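What follows is the content of structure16.txt (compact mmCIF, C-alpha atoms and all ligand atoms).
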```
# COMPACT_ATOMS: atom_id res chain seq x y z
CA MET A 1 50.63 1.67 -7.89
CA ASN A 2 50.29 4.70 -10.10
CA ARG A 3 47.17 6.70 -10.50
CA ARG A 4 46.22 5.08 -13.78
CA ALA A 5 46.51 1.59 -12.27
CA LEU A 6 44.40 2.63 -9.33
CA LEU A 7 41.76 3.96 -11.65
CA SER A 8 41.63 0.75 -13.67
CA LEU A 9 41.47 -1.28 -10.47
CA ALA A 10 38.53 0.84 -9.36
CA LEU A 11 36.87 0.30 -12.72
CA ALA A 12 37.46 -3.43 -12.51
CA LEU A 13 35.85 -3.53 -9.06
CA PHE A 14 32.94 -1.57 -10.44
CA VAL A 15 32.47 -4.10 -13.21
CA VAL A 16 32.85 -7.16 -11.01
CA THR A 17 30.61 -5.93 -8.21
CA PRO A 18 28.36 -3.31 -9.72
CA ALA A 19 25.92 -3.70 -6.87
CA SER A 20 28.45 -2.28 -4.43
CA VAL A 21 27.82 1.22 -5.73
CA TRP A 22 24.26 1.00 -4.50
CA VAL A 23 24.50 1.35 -0.78
CA GLN A 24 22.51 3.53 1.50
CA GLN A 25 23.77 7.08 1.42
CA ALA A 26 23.34 9.98 3.80
CA GLY A 27 20.76 12.52 2.81
CA TYR A 28 17.97 10.08 1.95
CA PRO A 29 15.00 9.97 1.77
CA ILE A 30 14.52 12.92 -0.55
CA GLU A 31 10.93 13.97 -0.99
CA ILE A 32 10.38 15.70 -4.33
CA ILE A 33 6.60 16.11 -4.56
CA PRO A 34 4.61 15.73 -1.32
CA PRO A 35 0.96 14.71 -1.65
CA GLY A 36 -1.65 17.51 -1.70
CA LYS A 37 -3.47 18.50 1.46
CA GLY A 38 -6.81 19.64 0.07
CA PRO A 39 -9.61 20.15 0.84
CA PHE A 40 -10.65 18.75 -2.53
CA THR A 41 -14.17 18.83 -3.91
CA PHE A 42 -15.54 17.31 -7.09
CA PRO A 43 -18.83 18.17 -8.83
CA ALA A 44 -21.61 15.54 -8.97
CA GLY A 45 -21.05 13.09 -11.80
CA TYR A 46 -17.32 13.90 -12.01
CA GLN A 47 -15.28 11.26 -13.86
CA THR A 48 -11.54 10.82 -13.33
CA PRO A 49 -9.71 12.31 -16.33
CA TRP A 50 -7.08 9.60 -16.65
CA ASP A 51 -5.50 11.34 -19.64
CA ARG A 52 -4.58 14.30 -17.41
CA ILE A 53 -3.08 12.26 -14.58
CA GLN A 54 0.69 12.20 -14.57
CA ILE A 55 2.91 9.65 -12.84
CA LYS A 56 6.09 11.12 -11.42
CA VAL A 57 8.99 10.28 -9.15
CA THR A 58 7.78 11.84 -5.91
CA ALA A 59 10.53 10.59 -3.57
CA LYS A 60 13.95 8.91 -3.62
CA MET A 61 14.65 6.47 -0.82
CA SER A 62 18.20 5.71 -1.94
CA PRO A 63 20.18 6.29 -5.16
CA ASN A 64 18.35 3.36 -6.80
CA LEU A 65 15.05 3.10 -4.92
CA PHE A 66 12.42 5.55 -6.13
CA VAL A 67 8.77 6.18 -5.34
CA LEU A 68 6.21 6.96 -8.06
CA HIS A 69 2.82 8.57 -7.46
CA GLY A 70 0.05 10.30 -9.44
CA SER A 71 -1.14 13.89 -9.74
CA GLU A 72 -3.16 15.60 -7.05
CA ALA A 73 -6.69 17.04 -7.30
CA LEU A 74 -7.87 14.88 -10.23
CA ASP A 75 -8.74 11.42 -8.86
CA PRO A 76 -11.67 11.52 -6.39
CA ALA A 77 -10.66 8.10 -4.97
CA HIS A 78 -7.28 9.59 -4.01
CA PRO A 79 -7.38 13.36 -4.47
CA ASP A 80 -4.14 13.97 -2.53
CA ALA A 81 -2.23 11.99 -5.19
CA SER A 82 -3.84 9.68 -7.72
CA GLY A 83 -3.49 5.93 -7.38
CA GLY A 84 -1.37 3.89 -5.00
CA ARG A 85 2.33 4.53 -4.53
CA VAL A 86 4.68 2.37 -6.56
CA MET A 87 8.24 1.68 -5.43
CA VAL A 88 10.93 0.88 -7.97
CA LEU A 89 14.28 -0.72 -7.13
CA PHE A 90 16.55 -0.64 -10.18
CA GLY A 91 20.08 -1.46 -11.30
CA PRO A 92 22.13 -4.12 -13.08
CA ASP A 93 19.94 -6.94 -11.75
CA GLY A 94 16.80 -5.45 -13.30
CA VAL A 95 13.74 -3.68 -11.94
CA LEU A 96 11.71 -4.74 -8.91
CA MET A 97 8.35 -2.98 -8.54
CA VAL A 98 6.15 -2.82 -5.48
CA ASP A 99 2.61 -2.60 -6.92
CA THR A 100 1.64 -1.53 -10.43
CA GLU A 101 -0.75 1.47 -10.14
CA ASN A 102 -4.08 1.89 -11.93
CA ARG A 103 -4.60 0.12 -15.25
CA GLN A 104 -5.47 3.42 -16.96
CA VAL A 105 -2.02 4.87 -16.34
CA ALA A 106 0.08 1.75 -17.06
CA ASP A 107 1.90 3.37 -20.01
CA LYS A 108 2.67 6.47 -18.00
CA THR A 109 3.96 4.41 -15.08
CA LEU A 110 6.33 2.57 -17.43
CA GLN A 111 7.43 5.88 -19.00
CA ALA A 112 8.17 7.28 -15.55
CA ILE A 113 10.37 4.22 -14.86
CA ARG A 114 12.07 4.52 -18.25
CA ALA A 115 13.05 8.10 -17.42
CA PHE A 116 15.63 6.78 -14.95
CA THR A 117 16.42 3.18 -15.94
CA THR A 118 16.55 0.99 -19.04
CA ALA A 119 16.84 -2.19 -16.91
CA PRO A 120 14.30 -4.94 -17.68
CA ILE A 121 11.22 -5.34 -15.48
CA LYS A 122 11.93 -8.52 -13.49
CA VAL A 123 9.91 -8.72 -10.29
CA VAL A 124 6.56 -7.30 -9.18
CA VAL A 125 5.14 -7.73 -5.69
CA ASN A 126 1.54 -6.83 -4.89
CA THR A 127 0.86 -5.41 -1.43
CA HIS A 128 -2.91 -6.01 -1.75
CA ILE A 129 -5.57 -6.53 -4.38
CA HIS A 130 -7.01 -3.03 -4.86
CA GLY A 131 -7.01 -1.73 -8.42
CA ASP A 132 -4.83 1.27 -7.61
CA HIS A 133 -2.12 -1.25 -6.56
CA THR A 134 -2.65 -4.14 -9.01
CA GLY A 135 -4.49 -2.52 -11.93
CA ALA A 136 -1.51 -2.64 -14.28
CA ASN A 137 -0.39 -6.16 -13.30
CA ALA A 138 -1.12 -7.66 -16.72
CA PHE A 139 0.72 -4.80 -18.43
CA PHE A 140 3.85 -5.25 -16.29
CA ALA A 141 3.66 -9.05 -16.57
CA ARG A 142 3.87 -8.54 -20.35
CA GLN A 143 6.96 -6.38 -19.75
CA GLY A 144 8.56 -9.43 -18.10
CA GLY A 145 7.59 -9.00 -14.46
CA LEU A 146 7.09 -12.13 -12.36
CA ILE A 147 4.27 -11.29 -9.93
CA PHE A 148 4.51 -12.25 -6.25
CA ALA A 149 1.70 -12.01 -3.68
CA GLN A 150 -0.04 -13.80 -0.84
CA GLU A 151 -2.12 -16.82 -1.87
CA ASN A 152 -5.18 -15.04 -0.45
CA LEU A 153 -4.67 -12.16 -2.88
CA ARG A 154 -4.58 -14.64 -5.72
CA ALA A 155 -7.79 -16.25 -4.43
CA GLU A 156 -9.47 -12.84 -4.15
CA MET A 157 -8.47 -12.08 -7.72
CA VAL A 158 -9.40 -15.45 -9.24
CA ARG A 159 -12.69 -15.73 -7.32
CA PRO A 160 -13.75 -12.14 -6.68
CA PRO A 161 -16.59 -11.41 -4.21
CA ARG A 162 -20.00 -10.56 -5.63
CA ARG A 163 -20.51 -6.90 -6.42
CA ALA A 164 -22.45 -4.70 -4.00
CA ASP A 165 -25.60 -5.06 -6.13
CA GLY A 166 -25.44 -8.86 -5.77
CA GLN A 167 -24.35 -9.47 -9.36
CA PRO A 168 -21.38 -11.78 -9.99
CA ALA A 169 -18.10 -9.93 -10.48
CA PRO A 170 -16.60 -9.82 -14.00
CA ALA A 171 -14.23 -12.67 -14.89
CA PRO A 172 -10.64 -11.99 -13.80
CA ASP A 173 -7.86 -11.21 -16.28
CA MET A 174 -5.62 -14.23 -15.73
CA ALA A 175 -2.60 -12.31 -17.05
CA ALA A 176 -2.91 -10.09 -13.97
CA VAL A 177 -2.94 -12.93 -11.46
CA PRO A 178 0.21 -13.44 -9.31
CA THR A 179 2.25 -16.51 -10.25
CA VAL A 180 4.40 -16.86 -7.13
CA THR A 181 2.43 -17.09 -3.89
CA TYR A 182 3.07 -17.57 -0.20
CA ASN A 183 1.02 -17.47 2.99
CA TYR A 184 0.92 -15.57 6.24
CA ASP A 185 2.14 -17.73 9.12
CA ALA A 186 0.38 -16.76 12.37
CA ALA A 187 3.12 -18.59 14.30
CA ALA A 188 5.81 -16.26 12.92
CA PRO A 189 4.48 -12.75 12.28
CA GLY A 190 7.06 -10.57 10.57
CA ARG A 191 9.02 -13.45 9.05
CA PRO A 192 9.76 -12.73 5.38
CA ALA A 193 8.19 -15.22 2.96
CA VAL A 194 10.62 -14.15 0.23
CA THR A 195 14.00 -12.42 0.42
CA LEU A 196 15.60 -11.09 -2.75
CA ILE A 197 19.13 -9.78 -2.99
CA MET A 198 19.36 -7.52 -5.98
CA ASN A 199 20.87 -4.20 -7.00
CA GLY A 200 22.75 -3.97 -3.71
CA GLU A 201 19.54 -4.19 -1.70
CA THR A 202 18.07 -6.95 0.43
CA VAL A 203 14.33 -6.94 -0.07
CA ASP A 204 11.92 -8.83 2.17
CA PHE A 205 8.33 -9.63 1.22
CA ILE A 206 6.61 -9.94 4.59
CA PRO A 207 3.08 -11.38 4.52
CA MET A 208 0.69 -9.65 6.93
CA MET A 209 -2.20 -10.88 9.04
CA PRO A 210 -5.64 -10.07 7.59
CA SER A 211 -5.65 -6.28 8.08
CA HIS A 212 -6.37 -3.94 5.14
CA THR A 213 -7.30 -7.14 3.21
CA ALA A 214 -6.58 -10.84 3.82
CA GLY A 215 -3.79 -10.76 1.23
CA ASP A 216 -1.53 -7.94 2.44
CA THR A 217 2.25 -7.91 2.09
CA ILE A 218 4.65 -5.25 3.34
CA VAL A 219 8.02 -4.82 1.63
CA ARG A 220 11.19 -4.05 3.56
CA PHE A 221 14.33 -2.63 1.93
CA ARG A 222 16.96 -3.36 4.54
CA ASN A 223 19.82 -1.14 3.32
CA ALA A 224 17.67 1.89 2.63
CA ASN A 225 15.85 1.27 5.95
CA VAL A 226 12.46 1.65 4.30
CA ILE A 227 9.26 -0.37 4.65
CA TYR A 228 6.37 -0.04 2.23
CA ILE A 229 3.44 -0.46 4.65
CA GLU A 230 0.59 -0.26 2.10
CA ASP A 231 -2.90 0.69 3.28
CA PHE A 232 -3.57 -0.60 6.80
CA TYR A 233 -2.36 2.83 7.86
CA ARG A 234 -3.52 6.00 6.20
CA ASN A 235 -3.34 9.68 7.01
CA PHE A 236 -5.67 10.98 4.33
CA GLY A 237 -9.26 10.01 5.11
CA TYR A 238 -10.40 7.59 7.81
CA PRO A 239 -9.13 3.98 8.11
CA PHE A 240 -10.34 1.46 5.58
CA ALA A 241 -10.40 -2.24 6.31
CA ASP A 242 -11.73 -3.99 3.22
CA GLN A 243 -13.76 -6.59 5.10
CA ALA A 244 -15.25 -8.23 1.99
CA ASN A 245 -11.67 -9.03 0.97
CA GLY A 246 -10.91 -10.36 4.46
CA GLY A 247 -9.67 -7.13 6.08
CA SER A 248 -10.36 -6.17 9.70
CA ILE A 249 -9.87 -3.16 11.95
CA LYS A 250 -8.53 -5.38 14.73
CA GLY A 251 -6.08 -6.85 12.23
CA MET A 252 -4.95 -3.31 11.45
CA LEU A 253 -4.07 -2.91 15.15
CA ASP A 254 -1.99 -6.09 14.94
CA ALA A 255 -0.33 -4.80 11.78
CA ILE A 256 0.65 -1.55 13.51
CA ASP A 257 2.03 -3.50 16.47
CA LEU A 258 4.13 -5.59 14.10
CA ILE A 259 5.55 -2.45 12.48
CA GLU A 260 6.53 -1.23 15.94
CA LYS A 261 8.75 -4.34 16.13
CA LEU A 262 10.05 -4.36 12.56
CA ALA A 263 10.91 -0.67 12.25
CA ASP A 264 13.41 1.42 14.16
CA PRO A 265 12.78 5.10 14.96
CA LYS A 266 14.54 6.18 11.75
CA THR A 267 12.86 3.73 9.37
CA THR A 268 10.92 5.53 6.64
CA LEU A 269 7.46 4.00 6.34
CA VAL A 270 5.85 4.38 2.94
CA PRO A 271 2.06 4.12 3.05
CA GLY A 272 0.13 3.42 -0.14
CA HIS A 273 -1.36 6.91 0.17
CA GLY A 274 -0.83 10.04 2.27
CA THR A 275 2.47 11.30 3.61
CA LEU A 276 5.66 9.35 4.38
CA VAL A 277 5.84 8.60 8.09
CA LYS A 278 7.93 7.16 10.92
CA ARG A 279 7.02 4.51 13.46
CA GLN A 280 5.85 7.00 16.08
CA ASP A 281 3.32 8.51 13.64
CA LEU A 282 1.33 5.27 13.78
CA LEU A 283 0.56 5.62 17.48
CA PRO A 284 -2.17 8.31 17.42
CA TYR A 285 -3.81 6.37 14.59
CA ARG A 286 -3.69 3.21 16.66
CA ALA A 287 -5.19 5.06 19.65
CA MET A 288 -8.04 6.33 17.47
CA LEU A 289 -8.82 2.77 16.29
CA VAL A 290 -8.91 1.51 19.88
CA ASP A 291 -11.11 4.43 21.01
CA ILE A 292 -13.63 4.08 18.18
CA LEU A 293 -13.78 0.28 18.54
CA ALA A 294 -14.67 0.69 22.24
CA LYS A 295 -17.26 3.42 21.64
CA VAL A 296 -19.00 1.59 18.80
CA LYS A 297 -19.01 -1.66 20.78
CA ALA A 298 -20.63 0.07 23.76
CA LEU A 299 -23.39 1.51 21.56
CA ARG A 300 -23.96 -1.75 19.72
CA ASP A 301 -24.10 -3.64 23.03
CA GLN A 302 -26.89 -1.22 24.02
CA GLY A 303 -28.80 -2.38 20.94
CA LYS A 304 -28.21 0.75 18.84
CA THR A 305 -28.68 0.40 15.09
CA LEU A 306 -26.03 1.33 12.56
CA LYS A 307 -28.03 4.47 11.80
CA ASP A 308 -27.95 5.49 15.49
CA VAL A 309 -24.21 4.87 15.69
CA LEU A 310 -23.49 6.88 12.54
CA ALA A 311 -25.62 9.72 13.93
CA ALA A 312 -23.55 9.73 17.14
CA ASN A 313 -20.67 11.34 15.15
CA LEU A 314 -18.01 9.42 17.05
CA THR A 315 -15.16 10.72 14.89
CA ALA A 316 -15.86 14.36 15.80
CA ALA A 317 -12.78 14.57 18.01
CA TYR A 318 -10.57 13.47 15.11
CA ASP A 319 -12.03 15.46 12.23
CA LYS A 320 -9.76 18.47 12.75
CA THR A 321 -6.58 16.42 12.56
CA THR A 322 -7.72 14.00 9.83
CA LEU A 323 -6.86 15.30 6.37
CA GLY A 324 -9.31 14.20 3.70
CA ASP A 325 -12.07 13.97 6.30
CA THR A 326 -15.32 13.43 4.37
CA GLN A 327 -18.72 12.15 5.44
CA GLN A 328 -18.29 9.13 3.19
CA SER A 329 -14.89 8.30 4.67
CA LYS A 330 -16.06 8.50 8.29
CA ASP A 331 -19.32 6.63 7.61
CA ARG A 332 -17.40 3.83 5.93
CA PHE A 333 -15.04 3.60 8.90
CA ILE A 334 -17.82 3.55 11.50
CA THR A 335 -19.79 0.97 9.49
CA GLU A 336 -16.73 -1.30 9.39
CA VAL A 337 -16.30 -1.05 13.15
CA TYR A 338 -20.03 -1.66 13.72
CA ASP A 339 -19.83 -4.85 11.63
CA GLU A 340 -16.71 -6.01 13.36
CA VAL A 341 -17.74 -5.72 17.02
CA LYS A 342 -20.54 -8.30 16.73
CA ASP A 343 -21.26 -11.35 14.51
CA PHE A 344 -18.25 -10.65 12.28
CA PRO A 345 -18.25 -13.25 9.47
CA GLY A 346 -15.15 -15.43 9.04
CA ILE A 347 -12.78 -15.50 6.07
CA VAL A 348 -13.28 -18.10 3.32
CA ASP A 349 -10.76 -18.09 0.45
CA GLY A 350 -9.52 -14.65 1.45
CA LYS A 351 -13.06 -13.21 1.46
CA ARG A 352 -15.95 -12.50 3.83
CA THR A 353 -19.65 -12.30 3.11
CA MET A 354 -20.58 -9.01 4.77
CA PRO A 355 -24.11 -8.11 5.91
CA ALA A 356 -26.03 -5.78 3.59
CA TYR A 357 -27.86 -2.76 4.97
CA PRO A 358 -31.00 -1.60 3.22
ZN ZN A 401 -6.03 -0.29 -0.66
```
Would it be possible to restate this file's structure as structure tokens?
Amino acid sequence: MNRRALLSLALALFVVTPASVWVQQAGYPIEIIPPGKGPFTFPAGYQTPWDRIQIKVTAKMSPNLFVLHGSEALDPAHPDASGGRVMVLFGPDGVLMVDTENRQVADKTLQAIRAFTTAPIKVVVNTHIHGDHTGANAFFARQGGLIFAQENLRAEMVRPPRRADGQPAPAPDMAAVPTVTYNYDAAAPGRPAVTLIMNGETVDFIPMMPSHTAGDTIVRFRNANVIYIEDFYRNFGYPFADQANGGSIKGMLDAIDLIEKLADPKTTLVPGHGTLVKRQDLLPYRAMLVDILAKVKALRDQGKTLKDVLAANLTAAYDKTTLGDTQQSKDRFITEVYDEVKDFPGIVDGKRTMPAYP
């Protein structure tokens, strides 16, 4: 076979099996823009300037699996990098997105995607309900995305918990609500509810036990050896279990233990916020959860009030090594643990009715 014939054979193969060009390659992941480290401070009354926030490709997990994230130092909810990370798998089979970012930056998120692919938006999976992960759902549904999530997430969205001031929550935007749902099966933790084979990747949507919320999903990209682990782990600020939406600190321990089984030592774990990590990085975080749970339980068993427990400054030993350590972040964490160690309300429709403190 002459050289020309070989070339046309190669081209024919390329056309017939375009996905075969997208296989894991050495040299990945490539981190382009790491999140900021701070410390960040914002004046009283500061409002997020959404018009100044940019959405950029901050990491490449494989030649066709990119991570998008927002600017640092502008968004007080996530000063290290605005919003929740979005992952984009692209190629001839279309675009699959993990999460949709804040509503206010929907156009910019789409523009960031259009900078590297013209493929149609096909599939969106939501890792949990928070606005920095689902805020642009309606926008990307209009682009053609079919939205997948746990049934509990859908329930949280359709019947949102009352606001902190006791007022009913605003009516949901039905265009943002996931259309394909599945459930967590306690008898088979780690079993994918959905597996998609597209663009040379095999993508698993793995429903999680109630952990960050009651509707969490992690997303595994088998060829790239990457798992998007959303927010039950964080390394900027203290842990956040959204108990009103069914989350729990103990569930976060179970989630970490499941990752220990699903990941190998080389797997890149992509949290919703903070730095990219490996399996071993979850262990000190797990140990901190166990330690604080035990200490808060001991104090609560002695009849201490929440105020007493907050005043005990139980996170002191961790403040030096916890980036984004703020009084608000640690108080929220300790309050969650205090609620959880005694009389913890059960989950109804993906939600809990949490006690209110005057
Ligand atoms: Zn979250």
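Nearest to ligand ZN 401 (chain A) of all the residues A:Arg114, A:His69, A:His212, A:Arg85 is A:His212, counting all atoms listed in the file.
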>> Taking 5 positions as the minimum chain separation for residues in the same chain, which residues sit within 9 Å of A:Arg332 when counting all atoms listed in the file? Answer as number ranges by chain.
In response: A: 238-240, 327, 337
> Do you know which residues are within 8 Å of ligand ZN 401 (chain A) using all atoms listed in the file? Can you write them as an MDAnalysis selection string?
Replying inline: chainID A and resid 84 128:133 212:213 230:232 240 242 272
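The two atoms in question, atom CA of A:Phe116 and atom CA of A:Met97, are spaced 13.8 Å apart.
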>> So the first atom is atom CA of A:Leu306 and the second is atom CA of A:Thr326; what is the distance between them in Å, to one decimal place?
In response: 18.1 Å
>> Using Å and a single decimal, report how far atom CA of A:Pro345 sits from atom CA of A:Pro271.
In response: 27.5 Å
> Of the candidates A:Leu276, A:Leu282, A:Ile30, A:Leu89, which one gets nearest to A:Val219 if we count all atoms listed in the file?
Replying inline: A:Leu89
> So, counting all atoms listed in the file, which residue among A:Ala112, A:Leu262, A:Ala294, A:Ala81 is closest to A:Ile249?
Replying inline: A:Ala294
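The neighbours of A:Pro39 here are the residues that come within 9 Å of it, using only C-alpha atoms and leaving out any residue fewer than 4 positions away in the same chain; they are Pro79, Asp80, Leu323, Gly324 and Asp325 of chain A.
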Please provide the set of residues having any atom within 12 Å of A:Thr353, restricted to only C-alpha atoms, with same-chain residues fewer than 4 positions apart removed, written as a short mmCIF file (atom, residue, chain, number, x, y, z; two decimals) with C-alpha atoms, in the frame of the given file.
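And here is the file that came out, out.cif:
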```
data_model
loop_
_atom_site.label_atom_id
_atom_site.label_comp_id
_atom_site.auth_asym_id
_atom_site.auth_seq_id
_atom_site.Cartn_x
_atom_site.Cartn_y
_atom_site.Cartn_z
CA PRO A 160 -13.75 -12.14 -6.68
CA PRO A 161 -16.59 -11.41 -4.21
CA ARG A 162 -20.00 -10.56 -5.63
CA ARG A 163 -20.51 -6.90 -6.42
CA ALA A 164 -22.45 -4.70 -4.00
CA GLY A 166 -25.44 -8.86 -5.77
CA ASP A 242 -11.73 -3.99 3.22
CA GLN A 243 -13.76 -6.59 5.10
CA ALA A 244 -15.25 -8.23 1.99
CA ASN A 245 -11.67 -9.03 0.97
CA GLY A 246 -10.91 -10.36 4.46
CA GLY A 247 -9.67 -7.13 6.08
CA ASP A 339 -19.83 -4.85 11.63
CA ASP A 343 -21.26 -11.35 14.51
CA PHE A 344 -18.25 -10.65 12.28
CA PRO A 345 -18.25 -13.25 9.47
CA GLY A 346 -15.15 -15.43 9.04
CA ILE A 347 -12.78 -15.50 6.07
CA VAL A 348 -13.28 -18.10 3.32
CA ASP A 349 -10.76 -18.09 0.45
#
```
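Among the candidate residues A:Ala214, A:Ala316, A:Ala115, A:Ala224, the one lying nearest to A:Ser62 is A:Ala224, with distances computed using all atoms listed in the file.
Each of A:Gly200, A:Gly91, A:Pro29, A:Pro34 was checked against A:Asn225 using all atoms listed in the file; the smallest atom-to-atom distance is that of A:Pro29.
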> Which of these residues is nearest to A:Gly303, using all atoms listed in the file: A:Lys342, A:Lys320, A:Arg159, A:Lys330?
Replying inline: A:Lys342
> Residues at most 7 Å from A:Glu201, counting all atoms listed in the file, excluding those fewer than 4 positions away in the same chain, as a PyMOL selection string?
Replying inline: chain A and resi 197+221-223
